[in-house]
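Shown next: my_file29.txt, given as compact mmCIF, C-alpha atoms (C1' of nucleotides).
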# COMPACT_ATOMS: atom_id res chain seq x y z
CA MET A 41 16.58 46.94 3.01
CA LYS A 42 19.78 45.60 1.59
CA ILE A 43 19.26 45.45 -2.14
CA ALA A 44 21.42 44.10 -4.93
CA PHE A 45 20.60 46.10 -8.05
CA LEU A 46 21.28 44.38 -11.33
CA GLY A 47 20.95 46.74 -14.26
CA THR A 48 22.97 48.18 -17.07
CA PRO A 49 21.68 50.92 -19.42
CA GLU A 50 19.89 54.24 -19.01
CA PHE A 51 16.59 52.46 -18.62
CA ALA A 52 17.74 51.23 -15.20
CA LEU A 53 18.86 54.62 -13.91
CA PRO A 54 15.55 56.02 -12.61
CA SER A 55 14.91 52.78 -10.73
CA LEU A 56 18.40 52.78 -9.27
CA ASN A 57 18.05 56.42 -8.35
CA MET A 58 14.72 55.78 -6.65
CA LEU A 59 16.25 52.99 -4.53
CA TYR A 60 19.20 55.17 -3.64
CA GLU A 61 17.05 58.07 -2.56
CA SER A 62 14.79 55.76 -0.59
CA GLY A 63 17.77 55.00 1.59
CA HIS A 64 18.27 51.33 0.82
CA ALA A 65 21.71 49.78 1.21
CA LEU A 66 22.77 49.14 -2.34
CA ALA A 67 25.30 47.28 -4.39
CA VAL A 68 25.23 47.52 -8.17
CA PHE A 69 25.92 44.49 -10.32
CA THR A 70 26.32 45.24 -13.98
CA GLN A 71 27.95 44.23 -17.24
CA PRO A 72 31.68 44.74 -17.78
CA ASP A 73 32.84 47.96 -19.43
CA ARG A 74 32.40 47.68 -23.18
CA PRO A 75 34.26 49.18 -26.12
CA VAL A 76 32.07 51.95 -27.49
CA GLY A 77 32.28 54.31 -30.42
CA ARG A 78 34.60 54.78 -33.33
CA HIS A 79 37.75 54.32 -31.32
CA ALA A 80 36.32 51.52 -29.23
CA ALA A 81 37.01 53.36 -26.01
CA LEU A 82 36.20 51.16 -23.02
CA THR A 83 33.10 52.70 -21.49
CA PRO A 84 31.42 51.90 -18.18
CA PRO A 85 27.68 51.17 -18.23
CA PRO A 86 25.48 54.09 -17.04
CA THR A 87 24.53 52.31 -13.83
CA LYS A 88 28.20 51.91 -12.94
CA ALA A 89 28.90 55.56 -13.56
CA TYR A 90 25.93 56.50 -11.41
CA ALA A 91 27.01 54.21 -8.60
CA LEU A 92 30.62 55.35 -8.56
CA GLU A 93 29.59 58.97 -8.23
CA ARG A 94 27.70 58.10 -5.08
CA GLY A 95 30.06 55.64 -3.52
CA ILE A 96 27.82 52.64 -4.14
CA PRO A 97 29.88 49.46 -4.52
CA VAL A 98 29.96 48.09 -8.07
CA TYR A 99 30.55 44.56 -9.26
CA GLN A 100 30.96 43.58 -12.89
CA PHE A 101 30.74 40.06 -14.22
CA GLU A 102 30.58 38.68 -17.72
CA LYS A 103 28.22 36.05 -16.33
CA ILE A 104 26.89 36.50 -12.86
CA ARG A 105 25.67 32.91 -12.75
CA LEU A 106 29.26 31.64 -12.71
CA PRO A 107 30.90 30.92 -9.33
CA GLU A 108 32.59 34.32 -9.04
CA GLY A 109 29.34 36.19 -9.46
CA VAL A 110 27.47 33.92 -7.13
CA ALA A 111 30.18 34.36 -4.50
CA ALA A 112 30.05 38.14 -4.80
CA LEU A 113 26.27 38.12 -4.43
CA ARG A 114 26.50 35.86 -1.40
CA ALA A 115 29.12 38.09 0.16
CA PHE A 116 26.84 41.10 -0.18
CA ALA A 117 23.99 39.02 1.27
CA PRO A 118 21.09 41.10 -0.03
CA ASP A 119 17.55 40.90 1.32
CA LEU A 120 16.26 41.55 -2.17
CA MET A 121 17.53 41.61 -5.71
CA VAL A 122 16.15 43.99 -8.29
CA THR A 123 16.82 43.68 -12.00
CA ALA A 124 16.15 46.31 -14.66
CA ALA A 125 17.50 45.71 -18.15
CA PHE A 126 20.40 43.75 -16.74
CA GLY A 127 21.17 41.87 -19.92
CA GLN A 128 22.11 38.56 -18.34
CA ILE A 129 20.21 35.43 -17.46
CA LEU A 130 20.13 34.62 -13.77
CA SER A 131 20.52 31.10 -12.47
CA ALA A 132 18.34 29.43 -9.87
CA GLU A 133 21.33 29.65 -7.58
CA ASN A 134 21.52 33.44 -8.06
CA LEU A 135 17.83 33.76 -7.37
CA SER A 136 17.99 31.71 -4.20
CA ILE A 137 20.39 34.08 -2.46
CA PRO A 138 18.11 36.95 -1.31
CA LYS A 139 15.38 35.96 1.08
CA TYR A 140 12.75 38.02 -0.70
CA GLY A 141 13.83 36.78 -4.09
CA CYS A 142 14.28 38.94 -7.14
CA ILE A 143 12.01 41.58 -8.63
CA ASN A 144 12.29 42.48 -12.31
CA VAL A 145 11.14 45.74 -13.87
CA HIS A 146 9.93 44.96 -17.37
CA GLY A 147 8.90 47.40 -20.12
CA SER A 148 5.68 45.82 -21.28
CA LEU A 149 2.33 44.60 -20.03
CA LEU A 150 3.22 41.00 -19.29
CA PRO A 151 2.59 38.36 -20.42
CA LYS A 152 2.75 40.31 -23.70
CA TYR A 153 6.18 41.09 -25.08
CA ARG A 154 8.37 38.91 -22.99
CA GLY A 155 12.00 39.22 -24.04
CA ALA A 156 14.71 41.67 -24.77
CA ALA A 157 13.15 44.54 -26.73
CA PRO A 158 9.52 44.89 -25.63
CA ILE A 159 9.38 48.66 -25.99
CA GLN A 160 10.59 48.72 -29.58
CA TRP A 161 8.43 45.80 -30.68
CA ALA A 162 5.32 47.31 -29.15
CA ILE A 163 5.82 50.36 -31.36
CA ILE A 164 6.81 48.40 -34.46
CA ASN A 165 3.64 46.34 -34.09
CA GLY A 166 1.53 49.47 -33.78
CA GLU A 167 0.39 48.96 -30.21
CA THR A 168 -1.38 51.93 -28.67
CA GLU A 169 -0.86 50.91 -25.08
CA THR A 170 2.00 49.48 -23.09
CA GLY A 171 3.38 49.86 -19.61
CA ILE A 172 5.54 48.53 -16.85
CA THR A 173 5.21 45.20 -15.12
CA THR A 174 7.06 44.28 -11.98
CA MET A 175 7.39 40.56 -11.54
CA MET A 176 9.13 37.91 -9.49
CA THR A 177 12.09 36.80 -11.54
CA ASP A 178 12.32 33.08 -12.09
CA VAL A 179 14.60 31.05 -14.32
CA GLY A 180 12.40 31.51 -17.41
CA MET A 181 12.43 34.49 -19.76
CA ASP A 182 10.11 36.98 -18.06
CA THR A 183 7.80 34.22 -16.94
CA GLY A 184 7.56 34.85 -13.21
CA ASP A 185 4.53 35.94 -11.22
CA ILE A 186 3.22 39.43 -11.90
CA LEU A 187 3.33 41.86 -8.99
CA LEU A 188 2.21 45.31 -10.10
CA LEU A 189 1.36 46.66 -13.52
CA ASP A 190 1.08 50.26 -14.73
CA LYS A 191 -0.30 51.16 -18.12
CA THR A 192 0.50 54.06 -20.37
CA ALA A 193 -0.59 55.05 -23.87
CA ILE A 194 1.85 54.97 -26.76
CA LEU A 195 1.60 58.31 -28.54
CA PRO A 196 1.02 58.25 -32.32
CA ASP A 197 4.43 59.59 -33.29
CA GLU A 198 6.40 58.51 -30.26
CA THR A 199 9.77 56.92 -30.91
CA ALA A 200 11.26 53.98 -29.05
CA GLY A 201 13.80 56.34 -27.50
CA GLU A 202 11.09 58.64 -26.19
CA LEU A 203 8.98 55.78 -24.89
CA PHE A 204 12.06 54.27 -23.29
CA GLU A 205 12.57 57.43 -21.34
CA ARG A 206 8.98 57.62 -20.18
CA LEU A 207 8.86 53.96 -19.24
CA SER A 208 12.11 54.13 -17.35
CA VAL A 209 10.58 56.82 -15.15
CA LEU A 210 7.32 54.94 -14.82
CA GLY A 211 9.34 51.82 -14.03
CA ALA A 212 10.94 53.51 -11.06
CA GLU A 213 7.53 54.49 -9.75
CA THR A 214 6.07 51.02 -10.21
CA LEU A 215 9.11 49.55 -8.50
CA ARG A 216 8.79 51.98 -5.62
CA ARG A 217 5.20 50.91 -4.99
CA THR A 218 6.15 47.27 -5.40
CA ILE A 219 8.81 47.47 -2.72
CA ILE A 220 6.57 49.36 -0.36
CA ALA A 221 3.95 46.65 -0.77
CA LEU A 222 6.58 44.00 -0.25
CA GLU A 223 7.78 45.61 2.97
CA SER A 224 4.26 45.84 4.30
CA GLY A 225 3.66 42.20 3.43
CA ASP A 226 0.85 43.14 1.12
CA LEU A 227 2.16 42.24 -2.31
CA PRO A 228 -0.17 40.29 -4.60
CA ARG A 229 1.35 37.67 -6.89
CA THR A 230 -0.48 36.73 -10.05
CA PRO A 231 0.75 33.89 -12.24
CA GLN A 232 1.05 34.83 -15.89
CA ASP A 233 -1.54 33.56 -18.32
CA GLU A 234 0.57 31.43 -20.65
CA ALA A 235 -2.15 31.46 -23.30
CA GLN A 236 -1.75 35.23 -23.64
CA ALA A 237 2.04 35.23 -23.68
CA THR A 238 4.06 36.57 -26.59
CA LYS A 239 7.80 36.82 -27.00
CA CYS A 240 9.82 39.40 -28.85
CA PRO A 241 13.33 38.83 -30.17
CA MET A 242 16.37 40.94 -29.44
CA LEU A 243 16.52 43.78 -31.92
CA LYS A 244 19.12 43.44 -34.65
CA LYS A 245 20.32 45.78 -37.32
CA GLU A 246 18.24 43.99 -39.96
CA HIS A 247 15.09 44.80 -38.07
CA GLY A 248 15.58 48.37 -39.19
CA LYS A 249 15.25 47.46 -42.87
CA LEU A 250 12.13 49.08 -44.27
CA ASP A 251 9.70 47.36 -46.60
CA PHE A 252 7.83 49.83 -48.78
CA SER A 253 5.29 47.27 -49.83
CA GLU A 254 3.88 47.71 -46.36
CA SER A 255 1.35 50.41 -45.48
CA ILE A 256 2.51 53.90 -44.61
CA ARG A 257 1.47 53.22 -41.04
CA GLN A 258 3.54 50.04 -40.83
CA VAL A 259 6.59 51.73 -42.28
CA HIS A 260 6.12 54.69 -39.97
CA ASN A 261 5.83 52.35 -36.98
CA ARG A 262 9.07 50.66 -37.89
CA VAL A 263 10.84 53.97 -38.28
CA ARG A 264 9.83 55.15 -34.84
CA GLY A 265 10.16 51.72 -33.23
CA THR A 266 13.78 51.38 -34.32
CA ASN A 267 14.72 54.96 -33.42
CA PRO A 268 17.33 55.64 -32.17
CA TRP A 269 18.62 52.10 -32.37
CA PRO A 270 19.23 50.22 -34.63
CA GLY A 271 17.72 52.84 -36.93
CA ALA A 272 15.48 52.36 -39.95
CA TYR A 273 16.88 52.34 -43.44
CA GLY A 274 16.27 51.63 -47.09
CA MET A 275 18.71 50.91 -49.87
CA LEU A 276 19.40 53.48 -52.55
CA GLY A 277 21.28 51.34 -55.01
CA GLU A 278 24.36 50.24 -53.09
CA ASP A 279 24.03 52.88 -50.44
CA VAL A 280 22.21 52.79 -47.17
CA LEU A 281 19.78 55.62 -46.60
CA LYS A 282 18.85 55.89 -42.96
CA ILE A 283 15.39 57.20 -42.22
CA HIS A 284 15.20 58.86 -38.83
CA LYS A 285 11.83 60.51 -38.81
CA THR A 286 8.69 60.22 -40.90
CA ARG A 287 5.16 61.60 -40.96
CA LEU A 288 1.92 60.12 -42.22
CA THR A 289 0.30 62.08 -45.04
CA ASP A 290 -3.00 61.87 -46.87
CA ARG A 291 -1.37 62.61 -50.19
CA GLN A 292 -3.19 60.53 -52.80
CA PRO A 293 -1.36 57.67 -54.52
CA ALA A 294 -1.82 56.82 -58.19
CA HIS A 295 0.10 54.02 -59.89
CA GLU A 296 3.58 54.67 -58.58
CA PRO A 297 5.90 51.78 -57.69
CA ALA A 298 6.66 51.09 -54.03
CA GLY A 299 9.69 52.95 -52.77
CA LEU A 300 9.46 55.78 -55.31
CA LEU A 301 10.87 59.03 -53.97
CA ILE A 302 9.51 62.42 -54.96
CA GLY A 303 9.93 65.93 -53.71
CA ASN A 304 12.43 68.75 -53.48
CA ALA A 305 13.91 71.21 -51.04
CA LYS A 306 10.70 73.20 -51.01
CA SER A 307 7.99 70.57 -50.93
CA GLY A 308 9.70 68.01 -48.74
CA LEU A 309 10.46 64.35 -49.45
CA PHE A 310 7.89 61.59 -49.90
CA VAL A 311 8.22 57.86 -50.37
CA ARG A 312 5.54 55.67 -51.87
CA CYS A 313 4.31 52.84 -49.65
CA ALA A 314 1.54 50.33 -50.23
CA ASP A 315 -1.37 52.63 -49.58
CA GLY A 316 -0.02 56.15 -49.88
CA TRP A 317 2.86 58.54 -49.37
CA LEU A 318 4.96 58.74 -46.25
CA GLU A 319 6.81 61.98 -45.73
CA ILE A 320 10.46 61.60 -44.79
CA LEU A 321 11.41 64.36 -42.38
CA GLU A 322 14.92 63.38 -41.35
CA LEU A 323 17.41 61.15 -43.06
CA GLN A 324 21.06 60.33 -43.24
CA ALA A 325 23.10 59.12 -46.20
CA THR A 326 26.19 56.95 -46.00
CA GLY A 327 29.04 58.98 -44.63
CA GLY A 328 26.80 61.94 -44.01
CA LYS A 329 25.29 63.40 -40.94
CA ARG A 330 21.70 63.40 -39.89
CA LEU A 331 19.78 66.05 -41.84
CA SER A 332 16.28 67.31 -42.35
CA ALA A 333 14.96 66.16 -45.73
CA ARG A 334 14.90 69.76 -46.92
CA ASP A 335 18.51 70.40 -46.06
CA TYR A 336 19.50 67.16 -47.70
CA LEU A 337 17.58 67.96 -50.87
CA ALA A 338 19.18 71.40 -51.05
CA GLY A 339 22.36 69.64 -52.11
CA LYS A 340 21.27 66.34 -53.65
CA ASP A 341 18.32 65.29 -55.77
CA LEU A 342 16.32 62.16 -55.03
CA GLU A 343 13.34 62.81 -57.31
CA GLY A 344 12.33 59.67 -59.18
CA LYS A 345 14.78 57.36 -57.42
CA ILE A 346 13.56 54.12 -55.92
CA LEU A 347 14.22 53.18 -52.34
CA ILE A 348 14.32 49.45 -51.72
C1' C B 9 47.17 53.31 -34.39
C1' G B 10 40.18 48.36 -36.90
C1' C B 11 38.16 50.05 -42.27
C1' G B 12 36.31 54.24 -44.86
C1' G B 13 33.94 59.31 -46.12
C1' G B 14 34.14 64.52 -45.10
C1' G B 15 35.29 69.77 -43.24
C1' U B 16 33.91 75.75 -49.33
C1' A B 17 28.43 81.96 -47.90
C1' G B 18 23.03 80.89 -42.27
C1' A B 19 21.95 75.34 -44.15
C1' G B 20 23.01 71.42 -47.87
C1' C B 21 26.19 70.57 -51.93
C1' A B 22 29.53 71.61 -56.95
C1' G B 23 34.23 73.07 -57.87
C1' U B 24 37.50 69.64 -64.18
C1' U B 25 44.50 68.61 -65.78
C1' G B 26 46.49 74.53 -59.63
C1' G B 27 45.40 80.91 -62.13
C1' U B 28 41.95 84.74 -56.29
C1' A B 29 34.87 80.60 -56.15
C1' G B 30 29.39 78.52 -58.17
C1' C B 31 24.33 75.81 -57.40
C1' U B 32 19.86 74.78 -54.32
C1' C B 33 17.37 76.28 -49.88
C1' G B 34 17.12 80.17 -46.48
C1' U B 35 17.58 85.49 -45.79
C1' C B 36 16.78 90.93 -47.31
C1' G B 37 14.31 94.30 -51.00
C1' G B 38 10.78 94.66 -55.00
C1' G B 39 6.88 92.51 -58.24
C1' C B 40 2.73 89.14 -59.42
C1' U B 41 -1.46 86.70 -56.86
C1' C B 42 -7.95 86.00 -53.48
C1' A B 43 -3.96 83.20 -51.60
C1' U B 44 0.45 80.17 -51.00
C1' A B 45 5.94 75.92 -48.67
C1' A B 46 3.98 78.83 -55.64
C1' C B 47 6.15 82.12 -59.43
C1' C B 48 9.27 86.50 -61.42
C1' C B 49 13.28 90.33 -60.69
C1' G B 50 17.20 92.16 -57.73
C1' G B 51 20.68 92.35 -53.34
C1' A B 52 23.56 90.97 -49.06
C1' G B 53 26.58 87.19 -47.32
C1' G B 54 32.75 83.10 -48.05
C1' U B 55 40.38 85.07 -44.67
C1' C B 56 37.49 77.75 -49.03
C1' G B 57 38.76 73.63 -40.67
C1' U B 58 44.29 74.62 -38.43
C1' U B 59 49.50 75.40 -39.09
C1' G B 60 53.53 75.00 -42.25
C1' G B 61 55.53 73.71 -47.19
C1' U B 62 55.99 73.43 -52.87
C1' U B 63 54.83 77.27 -56.78
C1' C B 64 55.03 83.31 -60.43
C1' A B 65 50.14 81.55 -58.59
C1' A B 66 46.54 76.64 -54.27
C1' G B 67 39.84 75.47 -52.39
C1' U B 68 42.62 72.59 -56.05
C1' C B 69 49.51 69.41 -54.68
C1' C B 70 52.50 67.71 -49.88
C1' A B 71 52.86 67.41 -44.47
C1' U B 72 50.74 68.26 -39.59
C1' C B 73 47.06 69.00 -36.11
C1' C B 74 41.77 69.71 -34.71
C1' C B 75 36.68 68.38 -35.53
C1' C B 76 32.46 65.69 -37.79
C1' C B 77 30.22 61.29 -40.03
C1' G B 78 29.35 55.98 -42.05
C1' C B 79 30.81 50.73 -41.21
C1' A B 80 32.62 47.41 -37.75
C1' A B 81 32.39 46.45 -32.41

For this file, produce the structure as structure tokens.
Amino acid sequence: MKIAFLGTPEFALPSLNMLYESGHALAVFTQPDRPVGRHAALTPPPTKAYALERGIPVYQFEKIRLPEGVAALRAFAPDLMVTAAFGQILSAENLSIPKYGCINVHGSLLPKYRGAAPIQWAIINGETETGITTMMTDVGMDTGDILLLDKTAILPDETAGELFERLSVLGAETLRRTIIALESGDLPRTPQDEAQATKCPMLKKEHGKLDFSESIRQVHNRVRGTNPWPGAYGMLGEDVLKIHKTRLTDRQPAHEPAGLLIGNAKSGLFVRCADGWLEILELQATGGKRLSARDYLAGKDLEGKILI
RNA sequence: CGCGGGGUAGAGCAGUUGGUAGCUCGUCGGGCUCAUAACCCGGAGGUCGUUGGUUCAAGUCCAUCCCCCGCAA
């Protein structure tokens, strides 16, 4: 089949790779190169880099729903469009171009967690199960008919980054089966149950701010759900203290205030939350690099300080 | 040239107004202990990122280059 692949970050790569190796005629549509890093070097999205290495044509538009993008899509004349973490809203006109419509690979069990950051929010909210849903893209935000759905457990200490990686692989597999079913004319379409639908917002930096009046489990979930981006943090006076990795403990609380830090280079570092002590395993101070709590405490003392 | 912080023993940090380096952890040896990520004693380990300069003398001042990190995007 002739497939227009619309996707941008790493999450889309396994799906793109699967389509490529399945022998489909591809064109990649993705976001423009963006300035990245300290020196704002213009960097191509991962899907573009992948495509260029294999001679797959690449098109980049700020907004594919504008005339230029529509014209480029029409010129390619795909049988099918596939989106995976594309990062742009498609117009009805875009969607009308391929005869089989557009299939989206989404990182949640729809209709739960519609929106931009389903994987992170599932972890932050303490879900124990998530998955991949392939669906027919329509003009709404992840509202189209469900095609196939694969579930997977969220591991107790799994980070968003780790789950991202697993789901991106699972996504490729779900997509593969979806397309096979489509080609054989045996693809079920199930409308989403609006009553069950939930939306999650795009993740912002502030979503990484920890609240130590929450339970150790809630704080832990936020730490892993915002790892590696945007990263969890607390304030130590004026300074930001990033918390990269934590561990639940059964250390007994007494009457300590929330956010109290105790520990040393030998015992490890613990922060008081609502119902107990959360061990901080990896952290990063302003201007510093990412360190294990023990290495950090070998040079600086945090005993008795309050993290807010 | 977007703003800013930093490169000192294996790791993390101190090093005042310039006079050949300290702390914590780790490590090695010994001791104590039912035991330990505990405790005690002792030891090893550093051309102080690069190159050049100022000086009687530079980790400590000046210049240059390399690398790392935070913010902002």

- Met41 of chain A proximity check over A:Leu215, A:Val98, A:Leu222, A:Met175, using all atoms listed in the file: winner is A:Leu222

- Could you check how far atom C1' of A19 of chain B sits from atom CA of Gly308 of chain A, in Å to one decimal?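 Between atom C1' of A19 of chain B and atom CA of Gly308 of chain A the gap is 15.0 Å.
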
- Using all atoms listed in the file, pick whichever of A:Val311, A:Ala221, A:Asn57, A:His79 has the shortest atom-to-atom distance to C9 of chain B.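 Result for the nearest residue to C9 of chain B: A:His79.
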
- Neighbours of chain A in chain B at 12 Å, counting all atoms listed in the file, as a PyMOL selection string: chain B and resi 9-15+19-22+31-34+45-46+76-81

For the residues in the current selection, export C-alpha atoms (C1' of nucleotides) as a CSV table (one decimal), in the frame of the given file.
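Below is the file that was written, out26.csv:
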chain,number,residue,atom,x,y,z
B,9,C,C1',47.2,53.3,-34.4
B,10,G,C1',40.2,48.4,-36.9
B,11,C,C1',38.2,50.0,-42.3
B,12,G,C1',36.3,54.2,-44.9
B,13,G,C1',33.9,59.3,-46.1
B,14,G,C1',34.1,64.5,-45.1
B,15,G,C1',35.3,69.8,-43.2
B,19,A,C1',22.0,75.3,-44.2
B,20,G,C1',23.0,71.4,-47.9
B,21,C,C1',26.2,70.6,-51.9
B,22,A,C1',29.5,71.6,-57.0
B,31,C,C1',24.3,75.8,-57.4
B,32,U,C1',19.9,74.8,-54.3
B,33,C,C1',17.4,76.3,-49.9
B,34,G,C1',17.1,80.2,-46.5
B,45,A,C1',5.9,75.9,-48.7
B,46,A,C1',4.0,78.8,-55.6
B,76,C,C1',32.5,65.7,-37.8
B,77,C,C1',30.2,61.3,-40.0
B,78,G,C1',29.4,56.0,-42.0
B,79,C,C1',30.8,50.7,-41.2
B,80,A,C1',32.6,47.4,-37.8
B,81,A,C1',32.4,46.4,-32.4

Could you list, as a tab-separated table (two decimals) with C-alpha atoms (C1' of nucleotides), in the coordinates of the input, every residue within 12 Å of C74 of chain B, counting all atoms listed in the file and ignoring same-chain residues fewer than 4 positions away?
chain	number	residue	atom	x	y	z
B	15	G	C1'	35.29	69.77	-43.24
B	57	G	C1'	38.76	73.63	-40.67
B	58	U	C1'	44.29	74.62	-38.43
B	59	U	C1'	49.50	75.40	-39.09

- Item | Atom-to-atom span, atom CA of Leu150 of chain A and atom CA of Ile220 of chain A, Å |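 Atom-to-atom, atom CA of Leu150 of chain A to atom CA of Ile220 of chain A, that is 21.0 Å.
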
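Taking atom CA of Ser224 of chain A as the reference point, atom CA of Asp119 of chain A is found at 14.5 Å.
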
- Message: Tell me which residues come within 12 Å of (7.6, 62.3, -54.0), as an MDAnalysis selection string, counting only C-alpha atoms (C1' of nucleotides) in the file's coordinates.
- Response: chainID A and resid 289 291:294 296:313 316:320 333 337 341:347

- Task: May I have the protein, DNA and RNA residues with any atom at most 8 Å from the point (12.8, 42.1, -18.5), counting only C-alpha atoms (C1' of nucleotides), written as a list in words?
- Result: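 The residues that fall inside the cut-off are Thr123, Ala124, Ala125, Phe126, Asn144, Val145, His146, Gly147, Arg154, Gly155, Ala156, Met181 and Asp182 of chain A.
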
- Query: Looking at B:C70, B:G37, B:U24, B:G18, which one is nearest to G50 of chain B, with distances taken over all atoms listed in the file?
  - Reply: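 With all atoms listed in the file as the atom set, the closest residue is B:G37.
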
Around segment 15-19 of chain B, with edges along x, y and z and 4 Å added on all six sides, what centre and edge lengths do you get, in Å to one decimal, as JSON?
{"center_x": 28.6, "center_y": 75.9, "center_z": -45.8, "size_x": 21.3, "size_y": 20.2, "size_z": 15.1}
